[in-house]
file query-v2.tsv (TSV, C-alpha atoms)
chain	number	residue	atom	x	y	z
A	1396	MET	CA	-10.25	33.46	19.84
A	1397	LYS	CA	-11.69	33.14	23.32
A	1398	THR	CA	-13.75	30.10	24.21
A	1399	HIS	CA	-16.38	29.57	26.88
A	1400	LEU	CA	-16.69	25.85	26.34
A	1401	ARG	CA	-15.59	24.97	29.85
A	1402	LYS	CA	-18.11	27.34	31.40
A	1403	TYR	CA	-20.99	25.94	29.35
A	1404	ARG	CA	-19.96	22.35	30.08
A	1405	PHE	CA	-20.39	23.01	33.77
A	1406	GLU	CA	-23.54	25.07	33.37
A	1407	ARG	CA	-25.14	22.20	31.43
A	1408	GLY	CA	-24.88	19.69	34.26
A	1409	GLU	CA	-21.12	19.34	34.58
A	1410	ILE	CA	-20.70	17.48	31.33
A	1411	SER	CA	-17.27	15.86	31.25
A	1412	GLN	CA	-14.84	16.50	28.39
A	1413	GLN	CA	-15.13	12.84	27.37
A	1414	ARG	CA	-18.93	12.96	27.28
A	1415	LEU	CA	-18.95	16.13	25.22
A	1416	ALA	CA	-16.35	14.58	22.91
A	1417	ASP	CA	-18.58	11.54	22.45
A	1418	MET	CA	-21.60	13.75	21.76
A	1419	VAL	CA	-19.87	15.55	18.88
A	1420	GLN	CA	-17.79	12.54	17.79
A	1421	VAL	CA	-14.29	13.87	18.37
A	1422	SER	CA	-11.50	12.83	20.71
A	1423	ARG	CA	-11.21	14.18	24.25
A	1424	GLN	CA	-7.86	15.71	23.29
A	1425	THR	CA	-9.65	17.83	20.72
A	1426	ILE	CA	-12.03	19.21	23.35
A	1427	ILE	CA	-9.04	19.94	25.61
A	1428	SER	CA	-7.23	21.72	22.75
A	1429	ILE	CA	-10.31	23.84	21.97
A	1430	GLU	CA	-10.78	24.77	25.64
A	1431	ARG	CA	-7.12	25.77	25.91
A	1432	GLY	CA	-7.41	27.86	22.77
A	1433	ASP	CA	-4.77	25.74	21.02
A	1434	TYR	CA	-7.14	24.71	18.25
A	1435	SER	CA	-9.92	26.59	16.45
A	1436	PRO	CA	-12.70	24.21	15.45
A	1437	SER	CA	-14.29	24.17	12.02
A	1438	VAL	CA	-17.66	25.87	11.54
A	1439	LYS	CA	-19.31	22.44	11.53
A	1440	LEU	CA	-17.73	21.36	14.82
A	1441	ALA	CA	-18.47	24.74	16.40
A	1442	LEU	CA	-22.13	24.37	15.43
A	1443	GLN	CA	-22.20	20.80	16.77
A	1444	LEU	CA	-20.66	21.91	20.07
A	1445	ALA	CA	-23.20	24.72	20.36
A	1446	GLU	CA	-26.03	22.29	19.67
A	1447	ALA	CA	-24.71	19.78	22.20
A	1448	LEU	CA	-24.45	22.47	24.86
A	1449	LYS	CA	-27.82	24.01	23.89
A	1450	THR	CA	-26.39	27.41	23.13
A	1451	THR	CA	-25.13	29.40	20.15
A	1452	VAL	CA	-21.72	29.56	18.51
A	1453	GLU	CA	-21.47	33.26	19.44
A	1454	GLU	CA	-21.98	32.36	23.09
A	1455	LEU	CA	-19.35	29.63	22.96
A	1456	PHE	CA	-16.68	31.47	21.02
A	1457	GLU	CA	-15.64	35.08	21.00
A	1458	LEU	CA	-13.18	37.00	18.86
A	1459	GLU	CA	-10.40	38.70	20.79
A	1460	ASP	CA	-9.30	42.27	20.07
A	1461	GLU	CA	-6.52	41.25	17.67
A	1462	ASP	CA	-8.88	38.91	15.77
A	1463	HIS	CA	-11.32	41.62	14.67
A	1464	VAL	CA	-11.22	42.80	11.06
B	1036	MET	CA	-12.20	8.73	17.09
B	1037	PHE	CA	-10.44	5.51	16.28
B	1038	ASP	CA	-12.53	2.34	15.96
B	1039	TRP	CA	-11.05	-1.06	15.25
B	1040	ASP	CA	-12.48	-2.06	11.88
B	1041	ARG	CA	-11.68	-4.27	8.89
B	1042	TYR	CA	-8.97	-1.87	7.75
B	1043	SER	CA	-7.31	-2.32	11.12
B	1044	TRP	CA	-7.36	-6.09	10.55
B	1045	ILE	CA	-5.80	-5.69	7.11
B	1046	ALA	CA	-3.06	-3.42	8.52
B	1047	ALA	CA	-2.47	-5.82	11.42
B	1048	GLY	CA	-2.26	-8.71	8.94
B	1049	MET	CA	0.31	-6.83	6.84
B	1050	PHE	CA	2.31	-6.03	9.95
B	1051	THR	CA	2.33	-9.64	11.15
B	1052	ALA	CA	3.16	-10.98	7.69
B	1053	GLY	CA	6.00	-8.47	7.42
B	1054	ILE	CA	7.52	-9.58	10.72
B	1055	VAL	CA	7.10	-13.32	10.06
B	1056	LEU	CA	8.19	-13.32	6.39
B	1057	GLY	CA	10.94	-10.79	7.09
B	1058	ALA	CA	12.41	-13.04	9.76
B	1059	THR	CA	11.99	-16.35	7.94
B	1060	VAL	CA	12.03	-15.73	4.18
B	1061	ASP	CA	13.63	-12.44	3.15
B	1062	GLY	CA	14.39	-9.11	4.82
B	1063	GLY	CA	12.61	-7.34	1.97
B	1064	PHE	CA	9.28	-8.39	3.46
B	1065	LEU	CA	9.94	-5.92	6.27
B	1066	PHE	CA	8.72	-3.25	3.84
B	1067	LEU	CA	5.26	-4.62	4.63
B	1068	LEU	CA	5.60	-2.83	7.98
B	1069	VAL	CA	5.76	0.48	6.12
B	1070	GLY	CA	2.69	-0.58	4.14
B	1071	ALA	CA	0.85	-1.43	7.35
B	1072	TYR	CA	1.73	1.95	8.85
B	1073	LEU	CA	0.69	3.91	5.77
B	1074	PHE	CA	-2.30	1.76	4.77
B	1075	ARG	CA	-5.02	3.72	6.56
B	1076	PRO	CA	-3.63	7.22	5.87
B	1077	ALA	CA	-3.19	6.24	2.21
B	1078	LEU	CA	-6.83	5.14	1.94
B	1079	LEU	CA	-7.92	8.32	3.63
B	1080	ALA	CA	-5.75	10.51	1.38
B	1081	ALA	CA	-7.20	8.77	-1.66
B	1082	GLY	CA	-10.70	9.46	-0.33
B	1083	VAL	CA	-11.52	5.75	-0.29
B	1084	ARG	CA	-13.02	5.81	3.18
B	1085	ARG	CA	-14.47	8.38	5.52
B	1086	PRO	CA	-12.14	9.99	8.04
B	1087	TYR	CA	-11.28	7.81	11.01
B	1088	ALA	CA	-9.87	10.78	12.85
B	1089	ASP	CA	-11.47	14.02	13.93
B	1090	GLU	CA	-10.57	17.30	12.29
B	1091	ARG	CA	-7.78	18.22	14.71
B	1092	GLN	CA	-6.18	14.80	14.32
B	1093	LEU	CA	-6.40	15.16	10.54
B	1094	HIS	CA	-4.77	18.57	10.82
B	1095	ILE	CA	-1.95	16.98	12.82
B	1096	GLN	CA	-1.58	14.29	10.15
B	1097	TYR	CA	-1.42	16.90	7.42
B	1098	ARG	CA	1.32	18.84	9.23
B	1099	SER	CA	3.32	15.78	10.18
B	1100	GLY	CA	3.05	14.57	6.58
B	1101	ASN	CA	4.49	17.84	5.30
B	1102	ILE	CA	7.31	17.71	7.84
B	1103	ALA	CA	8.01	14.10	6.83
B	1104	LEU	CA	8.20	15.22	3.18
B	1105	ILE	CA	10.69	17.98	4.00
B	1106	VAL	CA	12.85	15.57	6.05
B	1107	THR	CA	12.74	13.00	3.24
B	1108	VAL	CA	13.75	15.61	0.65
B	1109	ILE	CA	16.70	16.74	2.79
B	1110	ALA	CA	17.77	13.11	3.32
B	1111	ILE	CA	17.60	12.35	-0.42
B	1112	ILE	CA	19.62	15.47	-1.28
B	1113	ALA	CA	22.25	14.55	1.34
B	1114	MET	CA	22.50	11.02	-0.08
B	1115	ALA	CA	22.72	12.34	-3.66
B	1116	ILE	CA	25.53	14.72	-2.68
B	1117	ASN	CA	27.33	11.85	-0.95
B	1118	GLU	CA	27.00	9.63	-4.03
B	1119	THR	CA	28.30	12.39	-6.31
B	1120	ALA	CA	31.23	13.12	-3.97
B	1121	GLN	CA	32.22	9.47	-4.24
B	1122	GLY	CA	32.18	9.65	-8.01
B	1123	ARG	CA	28.97	7.69	-8.47
B	1124	THR	CA	25.89	8.78	-10.38
B	1125	ALA	CA	23.03	10.20	-8.33
B	1126	GLU	CA	20.39	10.21	-11.09
B	1127	ASN	CA	18.07	7.82	-9.25
B	1128	TYR	CA	18.03	10.06	-6.19
B	1129	TYR	CA	17.10	13.11	-8.26
B	1130	LEU	CA	14.39	11.12	-10.01
B	1131	ILE	CA	12.86	9.99	-6.70
B	1132	LEU	CA	13.02	13.56	-5.46
B	1133	PHE	CA	11.37	14.86	-8.62
B	1134	ILE	CA	8.60	12.24	-8.57
B	1135	GLY	CA	7.76	13.03	-4.93
B	1136	LEU	CA	7.67	16.78	-5.44
B	1137	LEU	CA	5.76	16.38	-8.69
B	1138	ALA	CA	3.12	14.25	-6.95
B	1139	LYS	CA	2.68	16.87	-4.23
B	1140	ALA	CA	2.48	19.71	-6.75
B	1141	LEU	CA	0.00	17.89	-9.02
B	1142	VAL	CA	-2.31	16.87	-6.17
B	1143	GLY	CA	-2.22	20.39	-4.75
B	1144	ILE	CA	-2.86	22.07	-8.07
B	1145	VAL	CA	-5.80	19.77	-8.90
B	1146	MET	CA	-7.29	20.09	-5.41
B	1147	SER	CA	-7.29	23.88	-5.82
B	1148	ARG	CA	-10.04	23.25	-8.44
B	1149	ASP	CA	-8.93	26.25	-10.46
B	1150	PHE	CA	-8.84	23.92	-13.44
B	1151	ARG	CA	-8.02	26.28	-16.27
B	1152	ARG	CA	-5.06	27.76	-14.43
B	1153	ALA	CA	-4.00	24.29	-13.27
B	1154	GLY	CA	-3.94	23.00	-16.85
B	1155	LEU	CA	-1.91	25.99	-17.99
B	1156	ARG	CA	0.59	25.75	-15.11
B	1157	ILE	CA	1.20	22.04	-15.65
B	1158	THR	CA	1.70	22.34	-19.41
B	1159	LEU	CA	3.96	25.39	-19.07
B	1160	PHE	CA	6.07	23.62	-16.44
B	1161	ILE	CA	6.42	20.36	-18.36
B	1162	GLY	CA	6.97	22.10	-21.70
B	1163	LEU	CA	9.66	24.41	-20.33
B	1164	LEU	CA	11.28	21.58	-18.36
B	1165	TYR	CA	11.47	19.46	-21.51
B	1166	LEU	CA	12.94	22.34	-23.53
B	1167	THR	CA	15.47	23.08	-20.78
B	1168	PHE	CA	16.73	19.50	-20.80
B	1169	VAL	CA	16.89	19.41	-24.61
B	1170	GLY	CA	18.65	22.78	-24.61
B	1171	LEU	CA	21.23	21.62	-22.08
B	1172	GLU	CA	21.87	18.48	-24.09
B	1173	HIS	CA	22.17	20.01	-27.56
B	1174	GLY	CA	22.90	23.69	-27.05
B	1175	PRO	CA	21.52	26.20	-29.57
B	1176	SER	CA	21.30	24.09	-32.74
B	1177	LEU	CA	18.92	22.61	-35.30
B	1178	GLY	CA	18.95	19.38	-33.29
B	1179	MET	CA	17.59	21.29	-30.32
B	1180	LEU	CA	14.70	22.62	-32.41
B	1181	ILE	CA	13.87	19.16	-33.75
B	1182	GLU	CA	14.15	17.34	-30.45
B	1183	GLY	CA	12.47	20.22	-28.66
B	1184	ALA	CA	9.37	19.97	-30.87
B	1185	PRO	CA	7.37	17.96	-28.31
B	1186	GLY	CA	8.12	20.59	-25.66
B	1187	ILE	CA	7.01	23.38	-28.00
B	1188	ALA	CA	3.88	21.35	-28.82
B	1189	ILE	CA	3.07	20.94	-25.11
B	1190	LEU	CA	3.47	24.69	-24.56
B	1191	ALA	CA	1.32	25.54	-27.59
B	1192	VAL	CA	-1.45	23.11	-26.63
B	1193	GLY	CA	-1.37	24.42	-23.06
B	1194	LEU	CA	-1.78	28.01	-24.21
B	1195	LEU	CA	-4.55	26.94	-26.59
B	1196	GLY	CA	-6.51	25.75	-23.56
B	1197	LEU	CA	-6.96	29.29	-22.31
B	1198	ARG	CA	-9.41	29.83	-25.15
B	1199	TRP	CA	-10.48	26.32	-26.15
B	1200	PRO	CA	-10.09	24.00	-23.14
B	1201	TRP	CA	-11.94	21.16	-24.93
B	1202	VAL	CA	-9.42	21.15	-27.76
B	1203	SER	CA	-6.50	21.18	-25.36
B	1204	ALA	CA	-8.02	18.39	-23.26
B	1205	VAL	CA	-8.25	16.10	-26.29
B	1206	LEU	CA	-4.82	17.03	-27.71
B	1207	LEU	CA	-3.13	16.64	-24.32
B	1208	ALA	CA	-4.76	13.23	-23.81
B	1209	LEU	CA	-3.33	12.11	-27.17
B	1210	LEU	CA	0.04	13.66	-26.33
B	1211	GLY	CA	0.07	11.99	-22.90
B	1212	VAL	CA	-0.58	8.56	-24.39
B	1213	ALA	CA	1.98	9.23	-27.15
B	1214	THR	CA	4.73	10.15	-24.65
B	1215	LEU	CA	3.85	7.08	-22.61
B	1216	VAL	CA	4.28	4.89	-25.68
B	1217	VAL	CA	7.33	6.64	-27.17
B	1218	PHE	CA	9.35	7.02	-23.98
B	1219	GLY	CA	8.03	4.04	-22.10
B	1220	VAL	CA	7.75	1.28	-24.67
B	1221	PHE	CA	10.17	2.03	-27.51
B	1222	GLY	CA	13.90	1.84	-26.90
B	1223	GLY	CA	13.77	-0.91	-24.34
B	1224	MET	CA	12.08	-1.09	-20.97
B	1225	ASN	CA	14.22	-0.06	-18.07
B	1226	ILE	CA	13.36	1.64	-14.82
B	1227	MET	CA	14.85	4.97	-15.92
B	1228	ARG	CA	12.89	5.13	-19.19
B	1229	VAL	CA	9.68	4.07	-17.52
B	1230	SER	CA	10.20	6.69	-14.81
B	1231	VAL	CA	10.88	9.42	-17.35
B	1232	SER	CA	7.74	8.43	-19.25
B	1233	ILE	CA	5.74	8.66	-16.01
B	1234	VAL	CA	7.27	12.02	-15.17
B	1235	LEU	CA	6.26	13.32	-18.61
B	1236	SER	CA	3.02	11.49	-19.32
B	1237	ILE	CA	1.21	11.71	-15.99
B	1238	PRO	CA	1.39	15.52	-15.73
B	1239	ILE	CA	0.23	15.84	-19.35
B	1240	LEU	CA	-2.71	13.52	-18.68
B	1241	VAL	CA	-3.52	15.42	-15.49
B	1242	ALA	CA	-3.41	18.68	-17.48
B	1243	SER	CA	-5.80	17.09	-19.96
B	1244	TYR	CA	-8.18	16.24	-17.11
B	1245	CYS	CA	-7.90	19.81	-15.80
B	1246	TYR	CA	-8.81	21.34	-19.17
B	1247	LEU	CA	-11.68	18.86	-19.49
B	1248	GLN	CA	-13.03	20.04	-16.14
B	1249	ALA	CA	-12.40	23.67	-17.11
B	1250	ALA	CA	-14.46	23.17	-20.27
B	1251	ARG	CA	-17.36	21.83	-18.20
B	1252	GLU	CA	-17.32	24.69	-15.71
B	1253	PRO	CA	-20.16	27.17	-16.16
B	1254	GLN	CA	-19.18	30.76	-16.95
B	1255	ASP	CA	-19.55	33.25	-14.13
B	1256	GLU	CA	-22.59	34.92	-15.65
B	1257	GLU	CA	-24.31	31.58	-16.14
B	1258	ALA	CA	-23.91	30.52	-12.53
B	1259	GLU	CA	-27.08	30.29	-10.51
B	1260	PRO	CA	-27.39	30.40	-6.74
B	1261	ALA	CA	-27.69	27.00	-5.09
B	1262	THR	CA	-31.22	26.11	-4.09
call {"tool": "encode", "arguments": {"input": "query-v2.tsv", "output": "structure tokens"}}
result
Amino acid sequence: MKTHLRKYRFERGEISQQRLADMVQVSRQTIISIERGDYSPSVKLALQLAEALKTTVEELFELEDEDHV
Amino acid sequence: MFDWDRYSWIAAGMFTAGIVLGATVDGGFLFLLVGAYLFRPALLAAGVRRPYADERQLHIQYRSGNIALIVTVIAIIAMAINETAQGRTAENYYLILFIGLLAKALVGIVMSRDFRRAGLRITLFIGLLYLTFVGLEHGPSLGMLIEGAPGIAILAVGLLGLRWPWVSAVLLALLGVATLVVFGVFGGMNIMRVSVSIVLSIPILVASYCYLQAAREPQDEEAEPAT
């Protein structure tokens, strides 16, 4: 799964990883892991991230070729 | 998302008490350090308090817990083999191993919430396990049939639950209490007998709970969409 979290963080006023983490109540390491693609968030966290960054889950996350059904 | 809270104070208190009492009174108090380390995860696993960690941290805990279980199992087996090689009995090691694996299996099977199947699986496993032990002890004989009767009863009641889960829930509850009394109380209280009674009774009581839940589940055709 591809993630555009980093891009949206900067587009929304250069929100730091820590600030975003605080907004959605997770640790900064979790944000880092999601941005690196090491961890796929739950639906709930994905929705919270999208809400915090004023966008949609589809804009934030994208299935890669091998992920499609 | 770790916040220092009252549970942290309790764990810190256990840790300090373990160090102080371990150094001054008895080394056995050092086990309090293990309690302090596992206090919060144990509360969380039991669902007593809301998660103190975010979902990724919980995922890490789950994986590290499974790895810890595998390492513990390997260590126990190695120690049991060592004991046996030195001509000593290793029964206690096998019992610890069995209790740990049984706990994991029971929790997993109940958490799956497929209650009818869970009840059946537990009763089949315990019934067959009981019959296997009786069979190994007596061989094919009348004594095996007589002593194996509880195992056959567990199997029969388990199978009954496929059609009448209510009936099985009640019968298994009675059977669970009976095994607890017969194996745990009569014939003298020692750690081995109590452990065997737990190994037999708890799964039977859990199976009873599963069939009770299965009986309360609505049939597929009766289910309505959530509003």
call {"tool": "closest_residue", "arguments": {"input": "query-v2.tsv", "among": "A:Leu1400, A:Ile1410, A:Val1452, A:Leu1440", "to": "Ile1427 of chain A", "atoms": "all atoms listed in the file"}}
result
A:Leu1400
call {"tool": "interface_residues", "arguments": {"input": "query-v2.tsv", "of": "chain A", "to": "chain B", "cutoff": "8 Å", "atoms": "all atoms listed in the file", "output": "PyMOL selection string"}}
result
chain A and resi 1420-1422+1425+1434+1436-1437
call {"tool": "residues_around", "arguments": {"input": "query-v2.tsv", "residues": "Glu1454 of chain A", "least_positions_apart": "4", "cutoff": "12 Å", "atoms": "all atoms listed in the file", "output": "PDB file with C-alpha atoms, in the coordinates of the input"}}
result
ATOM      1  CA  LYS A1397     -11.690  33.140  23.320  1.00  0.00           C
ATOM      2  CA  THR A1398     -13.750  30.100  24.210  1.00  0.00           C
ATOM      3  CA  HIS A1399     -16.380  29.570  26.880  1.00  0.00           C
ATOM      4  CA  LEU A1400     -16.690  25.850  26.340  1.00  0.00           C
ATOM      5  CA  ARG A1401     -15.590  24.970  29.850  1.00  0.00           C
ATOM      6  CA  LYS A1402     -18.110  27.340  31.400  1.00  0.00           C
ATOM      7  CA  TYR A1403     -20.990  25.940  29.350  1.00  0.00           C
ATOM      8  CA  ALA A1441     -18.470  24.740  16.400  1.00  0.00           C
ATOM      9  CA  LEU A1442     -22.130  24.370  15.430  1.00  0.00           C
ATOM     10  CA  LEU A1444     -20.660  21.910  20.070  1.00  0.00           C
ATOM     11  CA  ALA A1445     -23.200  24.720  20.360  1.00  0.00           C
ATOM     12  CA  GLU A1446     -26.030  22.290  19.670  1.00  0.00           C
ATOM     13  CA  LEU A1448     -24.450  22.470  24.860  1.00  0.00           C
ATOM     14  CA  LYS A1449     -27.820  24.010  23.890  1.00  0.00           C
ATOM     15  CA  THR A1450     -26.390  27.410  23.130  1.00  0.00           C
ATOM     16  CA  LEU A1458     -13.180  37.000  18.860  1.00  0.00           C
TER      17      LEU A1458
END
call {"tool": "residues_around", "arguments": {"input": "query-v2.tsv", "residues": "Met1396 of chain A", "least_positions_apart": "4", "cutoff": "9 Å", "atoms": "only C-alpha atoms", "output": "PyMOL selection string"}}
result
chain A and resi 1432+1435+1456-1462
call {"tool": "closest_residue", "arguments": {"input": "query-v2.tsv", "among": "A:Glu1406, A:Arg1423, A:Thr1451, A:Ala1416", "to": "Val1438 of chain A", "atoms": "all atoms listed in the file"}}
result
A:Thr1451
call {"tool": "atom_distance", "arguments": {"input": "query-v2.tsv", "atom1": "atom CA of Ser1236 of chain B", "atom2": "atom CA of Asn1127 of chain B"}}
result
18.5 Å
call {"tool": "residues_near_point", "arguments": {"input": "query-v2.tsv", "point": "(-8.1, 24.0, -10.2)", "cutoff": "12 Å", "atoms": "all atoms listed in the file", "output": "PyMOL selection string"}}
result
chain B and resi 1140-1157+1241-1242+1244-1250+1252
call {"tool": "atom_distance", "arguments": {"input": "query-v2.tsv", "atom1": "atom CA of Val1234 of chain B", "atom2": "atom CA of Lys1139 of chain B"}}
result
12.8 Å
call {"tool": "residues_around", "arguments": {"input": "query-v2.tsv", "residues": "Ala1125 of chain B", "least_positions_apart": "5", "cutoff": "12 Å", "atoms": "all atoms listed in the file", "output": "CSV table (one decimal) with C-alpha atoms, in the coordinates of the input"}}
result
chain,number,residue,atom,x,y,z
B,1111,ILE,CA,17.6,12.4,-0.4
B,1112,ILE,CA,19.6,15.5,-1.3
B,1113,ALA,CA,22.2,14.6,1.3
B,1114,MET,CA,22.5,11.0,-0.1
B,1115,ALA,CA,22.7,12.3,-3.7
B,1116,ILE,CA,25.5,14.7,-2.7
B,1117,ASN,CA,27.3,11.8,-1.0
B,1118,GLU,CA,27.0,9.6,-4.0
B,1119,THR,CA,28.3,12.4,-6.3
B,1120,ALA,CA,31.2,13.1,-4.0
B,1130,LEU,CA,14.4,11.1,-10.0
B,1131,ILE,CA,12.9,10.0,-6.7
B,1132,LEU,CA,13.0,13.6,-5.5
call {"tool": "decode", "arguments": {"input": "query-v2.tsv", "residues": "segment 1436-1463 of chain A", "atoms": "N, CA and C atoms", "output": "tab-separated table (two decimals), in the first residue's frame"}}
result
chain	number	residue	atom	x	y	z
A	1436	PRO	N	-2.41	1.10	8.78
A	1436	PRO	CA	-3.30	1.47	9.89
A	1436	PRO	C	-4.66	0.79	9.77
A	1437	SER	N	-5.36	0.75	10.90
A	1437	SER	CA	-6.73	0.22	10.89
A	1437	SER	C	-7.62	1.21	10.14
A	1438	VAL	N	-8.82	0.76	9.81
A	1438	VAL	CA	-9.78	1.64	9.12
A	1438	VAL	C	-10.04	2.88	9.97
A	1439	LYS	N	-10.18	2.66	11.28
A	1439	LYS	CA	-10.48	3.78	12.19
A	1439	LYS	C	-9.35	4.81	12.17
A	1440	LEU	N	-8.11	4.34	12.28
A	1440	LEU	CA	-6.98	5.27	12.29
A	1440	LEU	C	-6.84	5.96	10.93
A	1441	ALA	N	-7.07	5.22	9.86
A	1441	ALA	CA	-6.99	5.82	8.52
A	1441	ALA	C	-8.02	6.94	8.38
A	1442	LEU	N	-9.23	6.70	8.88
A	1442	LEU	CA	-10.27	7.73	8.83
A	1442	LEU	C	-9.90	8.93	9.70
A	1443	GLN	N	-9.31	8.66	10.86
A	1443	GLN	CA	-8.90	9.76	11.75
A	1443	GLN	C	-7.78	10.58	11.09
A	1444	LEU	N	-6.85	9.91	10.45
A	1444	LEU	CA	-5.75	10.63	9.78
A	1444	LEU	C	-6.31	11.50	8.65
A	1445	ALA	N	-7.25	10.93	7.89
A	1445	ALA	CA	-7.86	11.68	6.79
A	1445	ALA	C	-8.59	12.90	7.34
A	1446	GLU	N	-9.29	12.71	8.43
A	1446	GLU	CA	-10.03	13.84	9.03
A	1446	GLU	C	-9.06	14.91	9.53
A	1447	ALA	N	-7.99	14.47	10.17
A	1447	ALA	CA	-7.01	15.43	10.70
A	1447	ALA	C	-6.35	16.23	9.58
A	1448	LEU	N	-6.15	15.57	8.45
A	1448	LEU	CA	-5.47	16.24	7.33
A	1448	LEU	C	-6.47	16.82	6.32
A	1449	LYS	N	-7.74	16.81	6.70
A	1449	LYS	CA	-8.83	17.38	5.87
A	1449	LYS	C	-8.81	16.81	4.44
A	1450	THR	N	-8.74	15.53	4.37
A	1450	THR	CA	-8.79	14.88	3.06
A	1450	THR	C	-9.55	13.55	3.19
A	1451	THR	N	-9.42	12.70	2.20
A	1451	THR	CA	-10.13	11.41	2.28
A	1451	THR	C	-9.11	10.27	2.40
A	1452	VAL	N	-9.61	9.12	2.84
A	1452	VAL	CA	-8.73	7.96	2.99
A	1452	VAL	C	-8.14	7.59	1.62
A	1453	GLU	N	-8.97	7.68	0.57
A	1453	GLU	CA	-8.50	7.31	-0.77
A	1453	GLU	C	-7.36	8.22	-1.24
A	1454	GLU	N	-7.40	9.47	-0.79
A	1454	GLU	CA	-6.32	10.39	-1.16
A	1454	GLU	C	-5.04	10.08	-0.38
A	1455	LEU	N	-5.22	9.64	0.84
A	1455	LEU	CA	-4.06	9.37	1.70
A	1455	LEU	C	-3.38	8.04	1.38
A	1456	PHE	N	-4.20	7.06	1.08
A	1456	PHE	CA	-3.65	5.71	0.86
A	1456	PHE	C	-4.08	5.18	-0.50
A	1457	GLU	N	-3.19	4.40	-1.09
A	1457	GLU	CA	-3.45	3.91	-2.43
A	1457	GLU	C	-2.96	2.46	-2.53
A	1458	LEU	N	-3.78	1.61	-3.12
A	1458	LEU	CA	-3.34	0.22	-3.30
A	1458	LEU	C	-2.29	0.17	-4.41
A	1459	GLU	N	-1.27	-0.66	-4.20
A	1459	GLU	CA	-0.28	-0.85	-5.25
A	1459	GLU	C	-0.74	-1.99	-6.15
A	1460	ASP	N	-0.05	-2.15	-7.29
A	1460	ASP	CA	-0.49	-3.15	-8.28
A	1460	ASP	C	-0.72	-4.53	-7.66
A	1461	GLU	N	0.23	-4.97	-6.82
A	1461	GLU	CA	0.12	-6.33	-6.26
A	1461	GLU	C	-0.96	-6.45	-5.19
A	1462	ASP	N	-1.48	-5.30	-4.73
A	1462	ASP	CA	-2.51	-5.33	-3.68
A	1462	ASP	C	-3.92	-5.51	-4.23
A	1463	HIS	N	-4.08	-5.21	-5.55
A	1463	HIS	CA	-5.44	-5.25	-6.11
A	1463	HIS	C	-5.98	-6.68	-6.17
